[in-house]
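Peer 1: Pasting target.tsv below, which is TSV, C-alpha atoms.
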```
chain	number	residue	atom	x	y	z
A	938	MET	CA	-46.20	-8.36	-15.94
A	939	ALA	CA	-44.17	-7.24	-18.95
A	940	HIS	CA	-46.28	-7.95	-22.02
A	941	PRO	CA	-44.24	-8.51	-25.22
A	942	SER	CA	-46.14	-5.68	-26.94
A	943	LEU	CA	-44.45	-3.22	-24.55
A	944	GLN	CA	-41.00	-3.84	-26.05
A	945	GLU	CA	-39.45	-1.16	-28.25
A	946	HIS	CA	-39.73	-1.49	-32.03
A	947	TYR	CA	-36.04	-2.37	-32.42
A	948	ASP	CA	-36.08	-5.09	-29.77
A	949	ASN	CA	-36.23	-8.88	-30.05
A	950	ALA	CA	-37.80	-10.03	-26.78
A	951	GLY	CA	-39.72	-13.30	-26.59
A	952	LEU	CA	-38.89	-16.92	-27.34
A	953	ILE	CA	-35.51	-16.91	-29.12
A	954	THR	CA	-34.83	-20.65	-29.37
A	955	GLY	CA	-36.94	-23.69	-28.55
A	956	ASP	CA	-40.61	-24.60	-28.75
A	957	ALA	CA	-43.27	-23.08	-26.50
A	958	GLY	CA	-44.94	-26.49	-26.38
A	959	TRP	CA	-42.03	-28.24	-24.70
A	960	GLU	CA	-42.39	-29.49	-21.15
A	961	CYS	CA	-40.31	-27.26	-18.88
A	962	LYS	CA	-37.89	-29.16	-16.66
A	963	GLY	CA	-36.23	-26.22	-14.93
A	964	ILE	CA	-35.45	-22.54	-15.37
A	965	ILE	CA	-32.22	-20.56	-15.08
A	966	CYS	CA	-32.49	-16.77	-14.87
A	967	SER	CA	-29.67	-14.70	-16.28
A	968	LEU	CA	-28.87	-11.23	-17.52
A	969	ASP	CA	-27.23	-12.65	-20.66
A	970	ALA	CA	-27.91	-15.97	-22.36
A	971	ILE	CA	-24.38	-16.74	-23.49
A	972	GLU	CA	-22.77	-20.11	-24.24
A	973	GLU	CA	-21.55	-20.60	-20.66
A	974	VAL	CA	-25.10	-20.17	-19.35
A	975	VAL	CA	-26.38	-22.71	-21.88
A	976	GLU	CA	-23.74	-25.15	-20.65
A	977	GLU	CA	-24.80	-24.44	-17.06
A	978	SER	CA	-28.41	-25.21	-18.00
A	979	ILE	CA	-27.37	-28.53	-19.51
A	980	GLN	CA	-25.39	-29.48	-16.42
A	981	LYS	CA	-28.22	-28.54	-14.05
A	982	GLY	CA	-30.97	-30.20	-16.08
A	983	CYS	CA	-32.79	-26.95	-16.92
A	984	ASN	CA	-34.15	-26.60	-20.44
A	985	LEU	CA	-35.26	-22.95	-20.22
A	986	ILE	CA	-33.12	-19.84	-19.84
A	987	VAL	CA	-35.03	-16.65	-19.02
A	988	ALA	CA	-32.68	-13.77	-19.80
A	989	HIS	CA	-32.96	-10.00	-19.88
A	990	HIS	CA	-30.85	-9.46	-23.00
A	991	PRO	CA	-31.87	-11.21	-26.26
A	992	ILE	CA	-28.98	-13.32	-27.53
A	993	ILE	CA	-30.19	-12.56	-31.07
A	994	PHE	CA	-30.67	-8.81	-31.41
A	995	GLY	CA	-30.13	-8.24	-35.11
A	996	GLY	CA	-30.71	-10.72	-37.93
A	997	LEU	CA	-28.47	-13.76	-38.37
A	998	LYS	CA	-27.54	-14.43	-41.99
A	999	LYS	CA	-25.27	-17.38	-41.20
A	1000	ILE	CA	-25.00	-19.74	-38.24
A	1001	ASN	CA	-21.57	-21.30	-38.38
A	1002	GLY	CA	-20.16	-20.49	-34.93
A	1003	LYS	CA	-17.94	-17.58	-35.90
A	1004	ASN	CA	-19.02	-15.42	-32.93
A	1005	TYR	CA	-20.47	-15.79	-29.44
A	1006	VAL	CA	-24.06	-15.29	-30.64
A	1007	GLU	CA	-23.88	-18.08	-33.21
A	1008	LYS	CA	-22.05	-20.40	-30.80
A	1009	THR	CA	-24.74	-19.85	-28.16
A	1010	VAL	CA	-27.59	-20.49	-30.58
A	1011	ILE	CA	-25.96	-23.65	-31.93
A	1012	ARG	CA	-25.33	-25.00	-28.42
A	1013	ALA	CA	-28.90	-24.22	-27.33
A	1014	ILE	CA	-30.52	-25.82	-30.38
A	1015	LYS	CA	-28.36	-28.94	-30.24
A	1016	ASN	CA	-29.35	-29.51	-26.62
A	1017	ASP	CA	-33.03	-28.47	-26.83
A	1018	ILE	CA	-32.51	-25.45	-24.58
A	1019	ALA	CA	-35.18	-22.78	-24.91
A	1020	ILE	CA	-34.09	-19.15	-24.48
A	1021	TYR	CA	-36.69	-16.53	-23.62
A	1022	ALA	CA	-35.75	-12.84	-23.43
A	1023	VAL	CA	-37.60	-10.19	-21.42
A	1024	HIS	CA	-35.85	-7.01	-22.46
A	1025	THR	CA	-37.26	-3.53	-23.09
A	1026	ASN	CA	-40.73	-4.74	-22.16
A	1027	LEU	CA	-39.35	-5.35	-18.64
A	1028	ASP	CA	-37.58	-1.97	-18.78
A	1029	ASN	CA	-40.89	-0.29	-19.64
A	1030	VAL	CA	-42.99	-1.34	-16.63
A	1031	ILE	CA	-42.76	0.53	-13.34
A	1032	ASP	CA	-42.08	-2.62	-11.30
A	1033	GLY	CA	-39.51	-3.89	-13.80
A	1034	VAL	CA	-35.76	-3.34	-14.16
A	1035	ASN	CA	-35.77	0.31	-13.13
A	1036	GLY	CA	-38.26	-0.25	-10.35
A	1037	ARG	CA	-35.89	-2.83	-8.90
A	1038	ILE	CA	-32.97	-0.37	-9.01
A	1039	ALA	CA	-35.15	2.21	-7.25
A	1040	LYS	CA	-36.00	-0.40	-4.62
A	1041	MET	CA	-32.31	-1.12	-4.03
A	1042	LEU	CA	-31.76	2.61	-3.46
A	1043	GLU	CA	-34.84	2.72	-1.19
A	1044	LEU	CA	-36.43	5.52	-3.20
A	1045	LYS	CA	-39.93	6.71	-2.35
A	1046	ASN	CA	-42.63	8.31	-4.52
A	1047	VAL	CA	-41.34	6.42	-7.56
A	1048	SER	CA	-42.89	7.19	-10.94
A	1049	ILE	CA	-42.10	6.70	-14.63
A	1050	LEU	CA	-39.60	9.24	-15.97
A	1051	SER	CA	-40.77	9.18	-19.61
A	1052	ALA	CA	-44.30	7.83	-19.99
A	1053	LYS	CA	-45.04	5.73	-23.07
A	1054	GLN	CA	-47.77	7.09	-25.34
A	1055	ASP	CA	-50.65	5.19	-26.98
A	1056	THR	CA	-50.83	2.44	-24.37
A	1057	LEU	CA	-54.23	3.29	-22.86
A	1058	LYS	CA	-57.81	2.83	-24.02
A	1059	LYS	CA	-61.20	3.36	-22.43
A	1060	LEU	CA	-63.92	0.71	-22.36
A	1061	PHE	CA	-67.59	1.70	-22.16
A	1062	THR	CA	-70.28	-0.92	-21.60
A	1063	PHE	CA	-73.95	-1.03	-20.59
A	1064	VAL	CA	-75.16	-3.61	-18.06
A	1065	PRO	CA	-78.47	-4.41	-16.30
A	1066	ILE	CA	-78.15	-2.83	-12.86
A	1067	ASP	CA	-78.48	-6.11	-10.96
A	1068	LYS	CA	-75.58	-7.65	-12.97
A	1069	ALA	CA	-73.23	-4.64	-12.87
A	1070	GLY	CA	-71.24	-5.88	-9.88
A	1071	ALA	CA	-70.40	-9.20	-11.51
A	1072	VAL	CA	-69.35	-7.53	-14.76
A	1073	ARG	CA	-67.17	-4.97	-12.96
A	1074	ASN	CA	-65.46	-7.71	-10.96
A	1075	ALA	CA	-64.75	-9.69	-14.14
A	1076	ILE	CA	-63.13	-6.81	-16.03
A	1077	PHE	CA	-61.19	-5.67	-12.94
A	1078	THR	CA	-59.82	-9.20	-12.54
A	1079	ALA	CA	-58.78	-9.17	-16.21
A	1080	GLY	CA	-56.72	-6.00	-15.67
A	1081	ALA	CA	-59.03	-3.03	-16.26
A	1082	GLY	CA	-59.40	-0.06	-13.95
A	1083	TYR	CA	-55.81	0.88	-13.03
A	1084	ILE	CA	-54.97	4.58	-12.68
A	1085	GLY	CA	-51.54	5.15	-11.13
A	1086	ASN	CA	-51.43	3.50	-7.71
A	1087	TYR	CA	-55.20	2.97	-7.69
A	1088	SER	CA	-56.99	-0.14	-8.91
A	1089	GLU	CA	-60.65	-1.01	-9.62
A	1090	CYS	CA	-61.35	2.55	-10.84
A	1091	SER	CA	-64.58	3.01	-12.78
A	1092	PHE	CA	-67.30	5.55	-13.47
A	1093	ASN	CA	-70.92	4.42	-13.36
A	1094	ALA	CA	-74.04	6.23	-14.55
A	1095	GLU	CA	-77.64	4.98	-14.54
A	1096	GLY	CA	-79.83	5.22	-17.61
A	1097	GLU	CA	-82.26	3.34	-19.82
A	1098	GLY	CA	-81.39	1.09	-22.72
A	1099	THR	CA	-83.80	-0.14	-25.37
A	1100	PHE	CA	-83.74	-3.11	-27.71
A	1101	LYS	CA	-86.14	-5.22	-29.74
A	1102	ALA	CA	-85.32	-8.88	-30.11
A	1103	GLU	CA	-85.79	-10.13	-33.67
A	1104	GLU	CA	-86.64	-13.68	-34.71
A	1105	GLY	CA	-83.88	-16.12	-33.75
A	1106	ALA	CA	-82.70	-14.04	-30.79
A	1107	ASN	CA	-82.51	-15.30	-27.22
A	1108	PRO	CA	-83.06	-12.11	-25.18
A	1109	TYR	CA	-82.07	-11.72	-21.55
A	1110	ALA	CA	-85.32	-9.77	-20.99
A	1111	GLY	CA	-88.35	-8.79	-23.05
A	1112	ASP	CA	-90.27	-10.54	-25.80
A	1113	ILE	CA	-89.50	-11.32	-29.43
A	1114	GLY	CA	-90.71	-8.56	-31.69
A	1115	LYS	CA	-91.42	-6.04	-28.92
A	1116	ARG	CA	-89.27	-3.08	-27.89
A	1117	HIS	CA	-87.96	-3.53	-24.36
A	1118	THR	CA	-86.68	-0.87	-21.99
A	1119	GLU	CA	-84.11	-1.93	-19.39
A	1120	LYS	CA	-82.63	0.00	-16.47
A	1121	GLU	CA	-78.89	-0.16	-17.12
A	1122	LEU	CA	-75.60	1.06	-15.71
A	1123	LYS	CA	-73.03	2.58	-18.03
A	1124	ILE	CA	-69.58	1.49	-16.83
A	1125	GLU	CA	-66.40	3.26	-17.95
A	1126	VAL	CA	-62.92	1.88	-17.20
A	1127	ILE	CA	-59.34	2.48	-18.32
A	1128	VAL	CA	-57.84	-0.46	-20.23
A	1129	PRO	CA	-54.15	-1.12	-21.03
A	1130	SER	CA	-53.98	-1.60	-24.81
A	1131	TYR	CA	-52.14	-4.91	-24.53
A	1132	LEU	CA	-54.93	-6.36	-22.33
A	1133	GLU	CA	-57.83	-5.20	-24.51
A	1134	ASN	CA	-58.70	-8.63	-25.94
A	1135	LYS	CA	-58.48	-10.32	-22.52
A	1136	ILE	CA	-60.67	-7.68	-20.86
A	1137	VAL	CA	-63.28	-7.70	-23.65
A	1138	ALA	CA	-63.42	-11.51	-23.45
A	1139	ALA	CA	-63.97	-11.28	-19.68
A	1140	LEU	CA	-66.70	-8.69	-20.25
A	1141	LYS	CA	-68.54	-10.91	-22.72
A	1142	ALA	CA	-68.24	-13.97	-20.47
A	1143	ALA	CA	-69.72	-12.15	-17.46
A	1144	HIS	CA	-72.35	-10.07	-19.28
A	1145	PRO	CA	-75.90	-11.47	-19.33
A	1146	TYR	CA	-76.82	-10.13	-22.77
A	1147	GLU	CA	-76.62	-12.29	-25.89
A	1148	GLU	CA	-75.19	-9.30	-27.79
A	1149	VAL	CA	-72.99	-7.15	-25.55
A	1150	ALA	CA	-72.98	-3.42	-26.29
A	1151	TYR	CA	-69.53	-1.90	-25.67
A	1152	ASP	CA	-67.13	0.66	-27.10
A	1153	VAL	CA	-63.33	0.82	-26.92
A	1154	VAL	CA	-61.68	4.16	-27.73
A	1155	GLU	CA	-58.02	5.13	-27.85
A	1156	LEU	CA	-56.72	7.72	-25.37
A	1157	SER	CA	-53.90	10.22	-25.70
A	1158	ASN	CA	-53.34	10.15	-21.92
A	1159	PRO	CA	-49.82	9.05	-20.93
A	1160	ASN	CA	-49.64	5.82	-18.96
A	1161	ASN	CA	-47.81	6.60	-15.73
A	1162	ARG	CA	-47.06	2.91	-15.14
A	1163	ILE	CA	-45.50	2.27	-18.57
A	1164	GLY	CA	-42.42	3.96	-20.01
A	1165	SER	CA	-38.68	4.54	-19.79
A	1166	GLY	CA	-36.72	5.16	-16.61
A	1167	VAL	CA	-38.06	6.09	-13.19
A	1168	ILE	CA	-37.67	9.00	-10.80
A	1169	GLY	CA	-38.05	9.01	-7.03
A	1170	GLU	CA	-36.73	10.54	-3.85
A	1171	LEU	CA	-34.24	9.52	-1.20
A	1172	THR	CA	-35.65	9.34	2.31
A	1173	GLU	CA	-33.12	11.98	3.40
A	1174	PRO	CA	-30.94	14.32	1.28
A	1175	MET	CA	-27.28	13.34	0.83
A	1176	ASN	CA	-24.21	15.15	-0.38
A	1177	GLU	CA	-22.82	14.10	-3.76
A	1178	GLU	CA	-19.84	12.18	-2.39
A	1179	GLY	CA	-22.11	10.28	-0.02
A	1180	PHE	CA	-24.49	9.35	-2.82
A	1181	LEU	CA	-21.66	8.12	-5.07
A	1182	ALA	CA	-20.35	6.06	-2.15
A	1183	LEU	CA	-23.87	4.63	-1.71
A	1184	LEU	CA	-23.89	3.58	-5.37
A	1185	LYS	CA	-20.50	1.88	-4.97
A	1186	ARG	CA	-21.68	-0.05	-1.93
A	1187	ILE	CA	-25.10	-1.18	-3.20
A	1188	PHE	CA	-23.98	-2.08	-6.71
A	1189	GLN	CA	-20.54	-3.37	-5.64
A	1190	LEU	CA	-18.79	-1.01	-8.04
A	1191	GLN	CA	-15.07	-0.67	-8.64
A	1192	VAL	CA	-15.52	2.70	-10.32
A	1193	VAL	CA	-18.20	5.33	-11.03
A	1194	ARG	CA	-17.87	7.65	-14.02
A	1195	HIS	CA	-19.57	10.95	-13.23
A	1196	THR	CA	-19.82	14.62	-14.09
A	1197	ALA	CA	-18.21	17.35	-11.98
A	1198	LEU	CA	-19.41	17.70	-8.41
A	1199	SER	CA	-21.26	20.94	-7.68
A	1200	GLY	CA	-21.83	20.70	-3.93
A	1201	LYS	CA	-25.57	20.40	-4.45
A	1202	ALA	CA	-27.56	18.11	-2.14
A	1203	ILE	CA	-28.98	14.94	-3.70
A	1204	GLN	CA	-32.60	13.97	-3.04
A	1205	LYS	CA	-34.46	13.58	-6.33
A	1206	VAL	CA	-32.98	10.60	-8.19
A	1207	ALA	CA	-33.70	9.71	-11.84
A	1208	LEU	CA	-32.39	6.43	-13.19
A	1209	CYS	CA	-32.42	4.04	-16.11
A	1210	GLY	CA	-30.71	0.66	-16.15
A	1211	GLY	CA	-28.53	-0.07	-19.17
A	1212	ALA	CA	-27.87	2.46	-21.91
A	1213	GLY	CA	-29.87	5.50	-20.81
A	1214	SER	CA	-28.26	8.61	-22.28
A	1215	PHE	CA	-31.45	9.28	-24.26
A	1216	LEU	CA	-33.22	10.18	-21.01
A	1217	VAL	CA	-30.84	12.92	-19.87
A	1218	PRO	CA	-33.22	15.66	-21.16
A	1219	LYS	CA	-36.14	14.02	-19.33
A	1220	ALA	CA	-34.15	13.86	-16.09
A	1221	LEU	CA	-33.23	17.55	-16.46
A	1222	ALA	CA	-36.86	18.49	-17.18
A	1223	ALA	CA	-37.94	16.60	-14.06
A	1224	ALA	CA	-35.43	18.63	-11.98
A	1225	ALA	CA	-33.52	15.53	-10.89
A	1226	ASP	CA	-30.49	16.11	-8.70
A	1227	VAL	CA	-28.75	13.06	-10.13
A	1228	TYR	CA	-29.25	10.72	-13.07
A	1229	VAL	CA	-27.95	7.17	-12.65
A	1230	THR	CA	-27.49	5.11	-15.81
A	1231	ALA	CA	-24.82	3.41	-17.96
A	1232	ASP	CA	-23.05	3.50	-21.33
A	1233	MET	CA	-22.71	7.29	-21.42
A	1234	LYS	CA	-20.41	8.51	-24.21
A	1235	TYR	CA	-17.86	11.26	-23.66
A	1236	HIS	CA	-19.84	14.08	-25.28
A	1237	GLU	CA	-23.08	12.98	-23.63
A	1238	PHE	CA	-21.74	13.94	-20.20
A	1239	PHE	CA	-21.81	17.57	-21.40
A	1240	ASP	CA	-25.59	17.27	-21.86
A	1241	ALA	CA	-26.07	17.52	-18.09
A	1242	ASN	CA	-25.07	21.17	-18.57
A	1243	ASN	CA	-23.84	21.46	-14.95
A	1244	ARG	CA	-27.47	21.28	-13.80
A	1245	MET	CA	-27.37	17.76	-12.33
A	1246	LEU	CA	-24.93	15.03	-11.45
A	1247	VAL	CA	-24.73	12.15	-13.93
A	1248	ALA	CA	-23.40	8.83	-12.62
A	1249	ASP	CA	-22.50	6.04	-15.07
A	1250	ILE	CA	-22.24	2.83	-13.05
A	1251	GLY	CA	-21.84	0.32	-15.91
A	1252	HIS	CA	-24.35	-1.65	-17.97
A	1253	TYR	CA	-24.07	-5.00	-16.20
A	1254	GLU	CA	-23.78	-3.35	-12.80
A	1255	SER	CA	-26.95	-1.31	-13.26
A	1256	GLU	CA	-29.02	-4.32	-14.37
A	1257	GLN	CA	-27.51	-7.08	-12.23
A	1258	PHE	CA	-30.51	-7.27	-9.86
A	1259	THR	CA	-32.78	-8.08	-12.82
A	1260	ILE	CA	-31.76	-11.71	-12.31
A	1261	ASN	CA	-33.32	-11.63	-8.84
A	1262	LEU	CA	-36.42	-9.92	-10.24
A	1263	LEU	CA	-36.93	-12.59	-12.91
A	1264	GLN	CA	-36.52	-15.36	-10.35
A	1265	GLU	CA	-39.02	-13.75	-7.97
A	1266	ILE	CA	-41.64	-13.24	-10.69
A	1267	LEU	CA	-41.41	-16.87	-11.78
A	1268	GLU	CA	-41.35	-18.27	-8.23
A	1269	GLN	CA	-44.48	-16.30	-7.35
A	1270	LYS	CA	-46.26	-17.69	-10.41
A	1271	PHE	CA	-44.93	-21.24	-10.01
A	1272	PRO	CA	-44.19	-21.71	-6.28
A	1273	THR	CA	-43.43	-25.42	-6.56
A	1274	PHE	CA	-41.14	-25.12	-9.58
A	1275	ALA	CA	-37.34	-25.03	-9.71
A	1276	VAL	CA	-36.25	-21.51	-10.67
A	1277	LEU	CA	-32.49	-20.96	-10.38
A	1278	LYS	CA	-30.19	-17.97	-10.78
A	1279	THR	CA	-27.15	-18.39	-12.97
A	1280	ALA	CA	-23.80	-18.79	-11.25
A	1281	VAL	CA	-22.06	-17.47	-14.37
A	1282	LYS	CA	-20.76	-13.90	-14.17
A	1283	THR	CA	-21.67	-12.76	-17.67
A	1284	ASN	CA	-20.21	-9.24	-17.47
A	1285	PRO	CA	-17.70	-8.92	-20.35
A	1286	VAL	CA	-16.21	-5.69	-18.93
A	1287	LYS	CA	-13.24	-5.95	-16.56
A	1288	TYR	CA	-11.38	-3.20	-14.70
A	1289	PHE	CA	-7.61	-2.97	-14.27
A	1290	LEU	CA	-7.00	-1.17	-10.97
```
What would the structure in this file look like if it were written as structure tokens?

Peer 2:
Amino acid sequence: MAHPSLQEHYDNAGLITGDAGWECKGIICSLDAIEEVVEESIQKGCNLIVAHHPIIFGGLKKINGKNYVEKTVIRAIKNDIAIYAVHTNLDNVIDGVNGRIAKMLELKNVSILSAKQDTLKKLFTFVPIDKAGAVRNAIFTAGAGYIGNYSECSFNAEGEGTFKAEEGANPYAGDIGKRHTEKELKIEVIVPSYLENKIVAALKAAHPYEEVAYDVVELSNPNNRIGSGVIGELTEPMNEEGFLALLKRIFQLQVVRHTALSGKAIQKVALCGGAGSFLVPKALAAAADVYVTADMKYHEFFDANNRMLVADIGHYESEQFTINLLQEILEQKFPTFAVLKTAVKTNPVKYFL
């Protein structure tokens, strides 16, 4: 769902501690894999923590327990607890962190706010007409053919292919040493870059030819299912005070930091869980009425330029439902396996009211 190759260049998603070959005894899902969550895993007999935030983000030059990162790593290693982080790669898929926030707000017509470039390729292949259906099914199953909300998309054109089997070949049709002409279908499909190897392997396994003719080319098209933030629409417009109250209720907020109210109705909602100030220009360009995010600095609130409402709801608060998302993904994949949510409130930020 969130391939590791989709993480940002600065990120450290993936297996942080432990061995991928270990037998998994139980999983705890958490936003942060801190020492208290490791202790919880030990007590509950779970040897895998699946967290959103990587406990190791920058390099560790020493591991002597002087800070919470080192203490967590030491505790995990000593007790054979694996920690796996699904961070910006889960941010960058439409059904990931931001898609879950949009779902909580019941947004419709949800799309990526800032599409990620260089994530699409096109696969061309040539198949005997009577085998085209089987080949199409194989590459669709492997993940080819998605365009927006449509799946199994392909273009097919009939033509003739020629080949001459040389000595040592085992041709699907024709004779050794003689040119053969075969009625073929040219199939074109969109391929996510991170699934290229899987899809090509499926193509070769399903194709009847000994030597499969295919081309893979890079596309400059943006991928509208991969990228930063999302934008969608409320079912009905709301006034600004009503929308801020909605945020407080759904996300159980004690406070919302926001720009000045303008009296404008809210319907188009842009959002990004976690630190999302970098997407303010994208939200403005998309004509959003409000941008919901976290970790906005003082001067960054000016960037809204009185053209939209900006609501900072807090980092933990914006991403808290990611724990539910991780649990659901794993339970769907492993329906008979114990997948728990942490009982530890990992938010380090408190509010004095």

Peer 1: Take atom CA of Gln1191 of chain A and atom CA of Ile1031 of chain A and report the distance between them in Å, one decimal.

Peer 2: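 Computing the Euclidean distance for atom CA of Gln1191 of chain A and atom CA of Ile1031 of chain A yields 28.1 Å.
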
Peer 1: Between A:Asp1017, A:Glu1173, A:Asp948, A:Glu1097, which has the minimum distance to Val975 of chain A (counting all atoms listed in the file)?

Peer 2: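 Using all atoms listed in the file, the shortest distance to Val975 of chain A belongs to A:Asp1017.
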
Peer 1: Please provide the set of residues having any atom within 12 Å of Leu1216 of chain A, restricted to only C-alpha atoms, with same-chain residues fewer than 4 positions apart removed, written as number ranges by chain.

Peer 2: A: 1049-1052, 1164-1168, 1207-1212, 1220-1223, 1225, 1228-1231, 1233, 1237, 1240-1241, 1247

Peer 1: Name all residues at most 7 Å from segment 957-971 of chain A (count all atoms listed in the file; drop same-chain ones fewer than 6 positions away) and give them as a JSON list (two decimals) with C-alpha atoms, in the frame of the given file.

Peer 2:
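File selection.json, as written:
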```
[["chain", "number", "residue", "atom", "x", "y", "z"],
["A", 978, "SER", "CA", -28.41, -25.21, -18.00],
["A", 982, "GLY", "CA", -30.97, -30.20, -16.08],
["A", 983, "CYS", "CA", -32.79, -26.95, -16.92],
["A", 984, "ASN", "CA", -34.15, -26.60, -20.44],
["A", 985, "LEU", "CA", -35.26, -22.95, -20.22],
["A", 986, "ILE", "CA", -33.12, -19.84, -19.84],
["A", 987, "VAL", "CA", -35.03, -16.65, -19.02],
["A", 988, "ALA", "CA", -32.68, -13.77, -19.80],
["A", 989, "HIS", "CA", -32.96, -10.00, -19.88],
["A", 990, "HIS", "CA", -30.85, -9.46, -23.00],
["A", 992, "ILE", "CA", -28.98, -13.32, -27.53],
["A", 1009, "THR", "CA", -24.74, -19.85, -28.16],
["A", 1257, "GLN", "CA", -27.51, -7.08, -12.23],
["A", 1259, "THR", "CA", -32.78, -8.08, -12.82],
["A", 1260, "ILE", "CA", -31.76, -11.71, -12.31],
["A", 1263, "LEU", "CA", -36.93, -12.59, -12.91],
["A", 1264, "GLN", "CA", -36.52, -15.36, -10.35],
["A", 1275, "ALA", "CA", -37.34, -25.03, -9.71],
["A", 1276, "VAL", "CA", -36.25, -21.51, -10.67],
["A", 1277, "LEU", "CA", -32.49, -20.96, -10.38],
["A", 1278, "LYS", "CA", -30.19, -17.97, -10.78],
["A", 1279, "THR", "CA", -27.15, -18.39, -12.97],
["A", 1283, "THR", "CA", -21.67, -12.76, -17.67]]
```

Peer 1: With 5 Å of padding per side, what axis-aligned box (centre and edge lengths, Å, one decimal) covers all the listed atoms of segment 1082-1092 of chain A? Give it as lines of an AutoDock Vina configuration file.

Peer 2:
```
center_x = -59.4
center_y = 2.3
center_z = -10.8
size_x = 25.9
size_y = 16.6
size_z = 16.3
```

Peer 1: Measuring between all atoms listed in the file, which one of A:Lys1270, A:Lys1141, A:Lys1282, A:Lys1287 shows the shortest distance to Glu977 of chain A?

Peer 2: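 Ranking A:Lys1270, A:Lys1141, A:Lys1282, A:Lys1287 by distance to Glu977 of chain A, first place goes to A:Lys1282.
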
Peer 1: Kindly indicate which residue among A:Arg1244, A:Val1047, A:Gly1200, A:Thr1099 lies nearest to Pro1218 of chain A, using all atoms listed in the file for the distances.

Peer 2: A:Arg1244

Peer 1: Kindly give the distance, in Å, that separates atom CA of Thr1056 of chain A and atom CA of Val1137 of chain A, rounded to a single decimal.

Peer 2: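 Taking atom CA of Thr1056 of chain A as the start and atom CA of Val1137 of chain A as the end point, the length is 16.1 Å.
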
Peer 1: Would you kindly identify which residues have an atom no farther than 12 Å from (-55.0, -2.4, -9.4), using only C-alpha atoms and the file's own coordinates, and write them out as a PyMOL selection string?

Peer 2: chain A and resi 1074+1076-1091+1126-1129+1162

Peer 1: Let me make sure I understand: among A:Tyr1131, A:Ile1187, A:Val1034, A:Ser1199, which one has the smallest atom-to-atom distance to Lys1058 of chain A if we use only C-alpha atoms?

Peer 2: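 The answer is A:Tyr1131, which sits nearest to Lys1058 of chain A.
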